[in-house]
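So this one's data_37.cif, mmCIF, C-alpha atoms, pLDDT in the B column; chains and numbers go by the auth columns:
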data_my_file
loop_
_atom_site.group_PDB
_atom_site.id
_atom_site.type_symbol
_atom_site.label_atom_id
_atom_site.label_comp_id
_atom_site.label_asym_id
_atom_site.label_seq_id
_atom_site.Cartn_x
_atom_site.Cartn_y
_atom_site.Cartn_z
_atom_site.B_iso_or_equiv
_atom_site.auth_seq_id
_atom_site.auth_asym_id
ATOM 1 C CA MET A 1 11.325 12.677 15.442 45.00 13 H
ATOM 2 C CA VAL A 2 13.189 10.040 13.445 59.00 14 H
ATOM 3 C CA GLY A 3 11.553 10.624 10.084 67.00 15 H
ATOM 4 C CA ALA A 4 8.771 9.126 8.075 72.00 16 H
ATOM 5 C CA PHE A 5 8.328 5.711 6.502 84.00 17 H
ATOM 6 C CA GLY A 6 6.970 5.708 2.964 89.00 18 H
ATOM 7 C CA PHE A 7 4.688 2.898 1.851 91.00 19 H
ATOM 8 C CA ARG A 8 5.949 2.718 -1.728 88.00 20 H
ATOM 9 C CA ASP A 9 9.567 3.646 -1.052 88.00 21 H
ATOM 10 C CA GLN A 10 10.400 1.173 1.709 90.00 22 H
ATOM 11 C CA LEU A 11 8.611 -1.692 -0.064 92.00 23 H
ATOM 12 C CA GLN A 12 10.609 -0.998 -3.214 90.00 24 H
ATOM 13 C CA ASP A 13 13.832 -0.849 -1.183 92.00 25 H
ATOM 14 C CA SER A 14 13.054 -4.140 0.543 93.00 26 H
ATOM 15 C CA LEU A 15 12.790 -5.933 -2.803 93.00 27 H
ATOM 16 C CA MET A 16 16.483 -5.301 -3.428 93.00 28 H
ATOM 17 C CA LEU A 17 17.298 -6.922 -0.086 94.00 29 H
ATOM 18 C CA LEU A 18 15.379 -10.119 -0.906 94.00 30 H
ATOM 19 C CA TRP A 19 18.466 -11.735 -2.432 93.00 31 H
ATOM 20 C CA PHE A 20 20.625 -10.875 0.603 94.00 32 H
ATOM 21 C CA ASP A 21 18.272 -11.526 3.513 96.00 33 H
ATOM 22 C CA GLU A 22 14.739 -12.619 2.691 96.00 34 H
ATOM 23 C CA SER A 23 13.607 -12.022 6.292 97.00 35 H
ATOM 24 C CA ILE A 24 14.049 -8.270 5.806 96.00 36 H
ATOM 25 C CA THR A 25 11.667 -8.312 2.828 97.00 37 H
ATOM 26 C CA ARG A 26 9.205 -10.565 4.676 98.00 38 H
ATOM 27 C CA ASN A 27 9.188 -8.294 7.727 97.00 39 H
ATOM 28 C CA GLN A 28 8.744 -5.195 5.554 96.00 40 H
ATOM 29 C CA ILE A 29 5.747 -6.746 3.767 98.00 41 H
ATOM 30 C CA ILE A 30 4.040 -7.485 7.078 98.00 42 H
ATOM 31 C CA TYR A 31 4.985 -4.116 8.582 96.00 43 H
ATOM 32 C CA HIS A 32 3.541 -2.274 5.593 96.00 44 H
ATOM 33 C CA ALA A 33 0.350 -4.332 5.578 98.00 45 H
ATOM 34 C CA MET A 34 -0.133 -3.072 9.145 97.00 46 H
ATOM 35 C CA HIS A 35 -0.385 0.444 7.663 96.00 47 H
ATOM 36 C CA GLN A 36 -3.346 -0.349 5.448 97.00 48 H
ATOM 37 C CA PHE A 37 -6.879 0.790 6.197 97.00 49 H
ATOM 38 C CA GLU A 38 -9.711 -1.714 6.282 96.00 50 H
ATOM 39 C CA GLU A 39 -11.155 0.038 3.195 95.00 51 H
ATOM 40 C CA GLY A 40 -8.031 -0.964 1.223 94.00 52 H
ATOM 41 C CA ASP A 41 -6.100 2.310 0.997 94.00 53 H
ATOM 42 C CA VAL A 42 -2.837 2.831 2.876 95.00 54 H
ATOM 43 C CA LEU A 43 -0.886 5.507 4.649 95.00 55 H
ATOM 44 C CA HIS A 44 1.315 7.110 1.989 92.00 56 H
ATOM 45 C CA TRP A 45 3.833 7.843 4.723 92.00 57 H
ATOM 46 C CA TRP A 46 3.806 7.793 8.510 93.00 58 H
ATOM 47 C CA HIS A 47 5.698 8.622 11.684 91.00 59 H
ATOM 48 C CA PRO A 48 5.835 5.365 13.670 86.00 60 H
ATOM 49 C CA GLU A 49 6.624 6.999 17.010 85.00 61 H
ATOM 50 C CA LYS A 50 3.500 9.190 16.830 86.00 62 H
ATOM 51 C CA ASN A 51 0.995 6.829 15.128 87.00 63 H
ATOM 52 C CA ASN A 52 0.111 9.375 12.484 92.00 64 H
ATOM 53 C CA GLY A 53 0.616 9.806 8.793 95.00 65 H
ATOM 54 C CA THR A 54 -0.903 10.852 5.512 94.00 66 H
ATOM 55 C CA ARG A 55 -4.014 9.184 4.132 95.00 67 H
ATOM 56 C CA THR A 56 -4.251 9.818 0.384 90.00 68 H
ATOM 57 C CA ARG A 57 -5.994 8.757 -2.784 84.00 69 H
ATOM 58 C CA TYR A 58 -2.792 7.364 -4.319 83.00 70 H
ATOM 59 C CA THR A 59 -3.441 4.019 -5.940 80.00 71 H
ATOM 60 C CA ASP A 60 -0.001 2.783 -6.865 80.00 72 H
ATOM 61 C CA ASP A 61 1.222 2.801 -3.241 85.00 73 H
ATOM 62 C CA LEU A 62 -1.091 0.039 -2.187 86.00 74 H
ATOM 63 C CA LEU A 63 -0.439 -2.052 -5.301 88.00 75 H
ATOM 64 C CA TRP A 64 3.213 -2.375 -4.294 91.00 76 H
ATOM 65 C CA LEU A 65 2.085 -4.650 -1.447 95.00 77 H
ATOM 66 C CA PRO A 66 0.795 -7.508 -3.654 95.00 78 H
ATOM 67 C CA TYR A 67 3.600 -6.901 -6.160 93.00 79 H
ATOM 68 C CA ILE A 68 6.427 -7.233 -3.615 96.00 80 H
ATOM 69 C CA LEU A 69 4.607 -10.147 -1.967 97.00 81 H
ATOM 70 C CA SER A 70 4.416 -11.994 -5.306 95.00 82 H
ATOM 71 C CA LYS A 71 8.153 -11.489 -5.874 96.00 83 H
ATOM 72 C CA TYR A 72 8.877 -12.660 -2.319 98.00 84 H
ATOM 73 C CA ILE A 73 6.800 -15.841 -2.703 98.00 85 H
ATOM 74 C CA LYS A 74 8.287 -16.628 -6.103 97.00 86 H
ATOM 75 C CA TYR A 75 11.822 -16.318 -4.706 97.00 87 H
ATOM 76 C CA THR A 76 11.293 -18.040 -1.330 98.00 88 H
ATOM 77 C CA GLY A 77 8.368 -20.406 -1.887 98.00 89 H
ATOM 78 C CA ASP A 78 6.986 -19.161 1.468 98.00 90 H
ATOM 79 C CA ILE A 79 3.239 -19.356 0.810 98.00 91 H
ATOM 80 C CA GLU A 80 2.527 -19.488 4.558 98.00 92 H
ATOM 81 C CA ILE A 81 3.047 -15.723 4.622 98.00 93 H
ATOM 82 C CA LEU A 82 -0.375 -15.411 2.950 98.00 94 H
ATOM 83 C CA ASP A 83 -2.006 -16.682 6.166 98.00 95 H
ATOM 84 C CA GLU A 84 -0.301 -14.149 8.471 98.00 96 H
ATOM 85 C CA GLN A 85 -2.994 -12.355 10.480 98.00 97 H
ATOM 86 C CA ILE A 86 -2.424 -8.612 10.321 98.00 98 H
ATOM 87 C CA PRO A 87 -4.363 -5.709 11.845 98.00 99 H
ATOM 88 C CA TYR A 88 -5.287 -2.513 10.025 98.00 100 H
ATOM 89 C CA VAL A 89 -4.962 1.138 10.910 97.00 101 H
ATOM 90 C CA LYS A 90 -8.068 3.236 11.216 96.00 102 H
ATOM 91 C CA SER A 91 -8.962 6.879 10.969 96.00 103 H
ATOM 92 C CA GLU A 92 -11.758 8.884 9.418 96.00 104 H
ATOM 93 C CA VAL A 93 -12.262 8.085 5.725 96.00 105 H
ATOM 94 C CA LEU A 94 -11.354 10.892 3.321 94.00 106 H
ATOM 95 C CA LYS A 95 -14.297 13.065 2.407 95.00 107 H
ATOM 96 C CA GLU A 96 -15.294 13.226 -1.258 89.00 108 H
ATOM 97 C CA ASN A 97 -13.487 16.539 -1.817 88.00 109 H
ATOM 98 C CA GLU A 98 -10.340 15.635 0.195 90.00 110 H
ATOM 99 C CA ILE A 99 -7.212 14.608 -1.678 86.00 111 H
ATOM 100 C CA GLU A 100 -5.193 13.797 1.434 90.00 112 H
ATOM 101 C CA ARG A 101 -5.117 14.306 5.174 95.00 113 H
ATOM 102 C CA TYR A 102 -2.378 14.125 7.777 96.00 114 H
ATOM 103 C CA THR A 103 -4.103 12.213 10.562 94.00 115 H
ATOM 104 C CA GLU A 104 -3.710 10.241 13.749 95.00 116 H
ATOM 105 C CA THR A 105 -4.327 6.522 13.416 96.00 117 H
ATOM 106 C CA GLU A 106 -5.158 3.633 15.693 95.00 118 H
ATOM 107 C CA THR A 107 -4.444 -0.047 15.182 96.00 119 H
ATOM 108 C CA THR A 108 -7.510 -2.263 14.950 97.00 120 H
ATOM 109 C CA GLN A 109 -8.050 -5.345 17.081 97.00 121 H
ATOM 110 C CA TYR A 110 -9.522 -6.896 13.955 96.00 122 H
ATOM 111 C CA THR A 111 -7.080 -8.837 11.780 98.00 123 H
ATOM 112 C CA GLU A 112 -7.244 -10.468 8.384 98.00 124 H
ATOM 113 C CA SER A 113 -4.827 -12.582 6.398 98.00 125 H
ATOM 114 C CA LEU A 114 -2.134 -10.932 4.328 98.00 126 H
ATOM 115 C CA PHE A 115 -3.899 -12.460 1.330 98.00 127 H
ATOM 116 C CA LYS A 116 -7.068 -10.449 2.200 98.00 128 H
ATOM 117 C CA HIS A 117 -4.971 -7.304 2.667 98.00 129 H
ATOM 118 C CA CYS A 118 -3.625 -7.740 -0.866 96.00 130 H
ATOM 119 C CA LEU A 119 -7.086 -8.366 -2.325 96.00 131 H
ATOM 120 C CA LYS A 120 -8.353 -5.168 -0.701 96.00 132 H
ATOM 121 C CA ALA A 121 -5.381 -3.243 -2.087 92.00 133 H
ATOM 122 C CA ILE A 122 -6.156 -4.404 -5.616 89.00 134 H
ATOM 123 C CA GLU A 123 -9.908 -3.840 -5.310 90.00 135 H
ATOM 124 C CA TYR A 124 -9.398 -0.330 -3.921 87.00 136 H
ATOM 125 C CA GLY A 125 -6.494 0.574 -6.187 78.00 137 H
ATOM 126 C CA VAL A 126 -7.796 -0.386 -9.587 76.00 138 H
ATOM 127 C CA LYS A 127 -10.877 1.468 -10.788 75.00 139 H
ATOM 128 C CA ILE A 128 -11.464 0.887 -14.503 74.00 140 H
ATOM 129 C CA ASP A 129 -13.037 3.653 -16.619 76.00 141 H
ATOM 130 C CA GLU A 130 -15.272 3.328 -19.679 78.00 142 H
ATOM 131 C CA ASN A 131 -12.215 2.914 -21.962 77.00 143 H
ATOM 132 C CA GLY A 132 -10.935 -0.097 -20.026 75.00 144 H
ATOM 133 C CA LEU A 133 -8.030 1.812 -18.468 71.00 145 H
ATOM 134 C CA PRO A 134 -7.466 2.345 -14.756 69.00 146 H
ATOM 135 C CA LYS A 135 -8.370 5.752 -13.417 68.00 147 H
ATOM 136 C CA MET A 136 -5.358 7.582 -12.145 67.00 148 H
ATOM 137 C CA GLY A 137 -5.269 8.134 -8.425 66.00 149 H
ATOM 138 C CA ASN A 138 -3.487 11.109 -7.007 68.00 150 H
ATOM 139 C CA GLY A 139 0.271 10.807 -7.389 64.00 151 H
ATOM 140 C CA ASP A 140 0.371 7.498 -9.249 61.00 152 H
ATOM 141 C CA TRP A 141 3.996 6.503 -9.833 61.00 153 H
ATOM 142 C CA ASN A 142 5.161 10.027 -9.052 59.00 154 H
ATOM 143 C CA ASP A 143 4.268 12.168 -6.037 56.00 155 H
ATOM 144 C CA GLY A 144 4.442 15.261 -8.250 60.00 156 H
ATOM 145 C CA MET A 145 1.402 14.002 -10.178 61.00 157 H
ATOM 146 C CA ASN A 146 -0.926 14.537 -7.216 61.00 158 H
ATOM 147 C CA ASN A 147 -3.149 17.054 -9.014 63.00 159 H
ATOM 148 C CA ILE A 148 -3.555 15.149 -12.283 63.00 160 H
ATOM 149 C CA GLN A 149 -6.800 13.363 -13.134 66.00 161 H
ATOM 150 C CA GLY A 150 -7.410 10.927 -15.957 65.00 162 H
ATOM 151 C CA GLN A 151 -6.286 7.497 -17.070 64.00 163 H
ATOM 152 C CA SER A 152 -3.051 5.810 -16.142 65.00 164 H
ATOM 153 C CA ILE A 153 -1.243 3.675 -18.703 64.00 165 H
ATOM 154 C CA TRP A 154 1.543 3.152 -16.156 65.00 166 H
ATOM 155 C CA LEU A 155 -0.960 1.813 -13.602 66.00 167 H
ATOM 156 C CA ARG A 156 -2.426 -0.538 -16.243 66.00 168 H
ATOM 157 C CA ILE A 157 1.009 -1.975 -17.018 65.00 169 H
ATOM 158 C CA PHE A 158 1.823 -2.286 -13.302 66.00 170 H
ATOM 159 C CA TYR A 159 -1.540 -3.909 -12.593 61.00 171 H
ATOM 160 C CA LEU A 160 -0.879 -6.578 -15.238 59.00 172 H
#

Show the structure stored in the file as structure tokens.
Amino acid sequence: MVGAFGFRDQLQDSLMLLWFDESITRNQIIYHAMHQFEEGDVLHWWHPEKNNGTRTRYTDDLLWLPYILSKYIKYTGDIEILDEQIPYVKSEVLKENEIERYTETETTQYTESLFKHCLKAIEYGVKIDENGLPKMGNGDWNDGMNNIQGQSIWLRIFYL
């Protein structure tokens, strides 16, 4: 086994490469969008050679997709990337009491534009509570925060 790809980590790393080779960042954006579920959540990490990974309730992971995409478009002017047709992964949705699950995935035949992928990420990732702050998903901005519940000021700033 080669090792796992991390949704947040590799997207963050690809941003640094934008100024050296924008195709690397573009390819990473598309590759990561292919690891999003139709519901909007994403694999937190995965083993590409086995088609399995961890489905979680993290919310910041998926918000890195529209964030990195916005930086890419601003730098390159490549708005055509928004029309790229990208499949999803699928597996059983997490049950109400499940925080995460290591699972096998399949790639869907169904595709949607990268723009739709980003909209789903935002809609799934940002749940506002009665105080107007986003609810913290498991592990927001720090994997060690995976058992914390409440509001996330960090997520609010990132969302803006």

Record the distance separating CA of Gly18 in chain H and CA of Glu92 in chain H, expressed in Å with one decimal.
25.6 Å

The PyMOL selection byres ((chain H and resi 37-48) around 6) on the file shown: which residues, as an MDAnalysis selection string?
chainID H and resid 26 30 34:36 49 53:55 99:101

Centre and size of axis-aligned box enclosing range 82-89 of chain H plus 5 Å each side, as JSON:
{"center_x": 8.1, "center_y": -15.9, "center_z": -3.7, "size_x": 17.4, "size_y": 18.9, "size_z": 14.8}

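Here CA of Thr71 in chain H is placed at a distance of 8.9 Å from CA of Ile134 in chain H.
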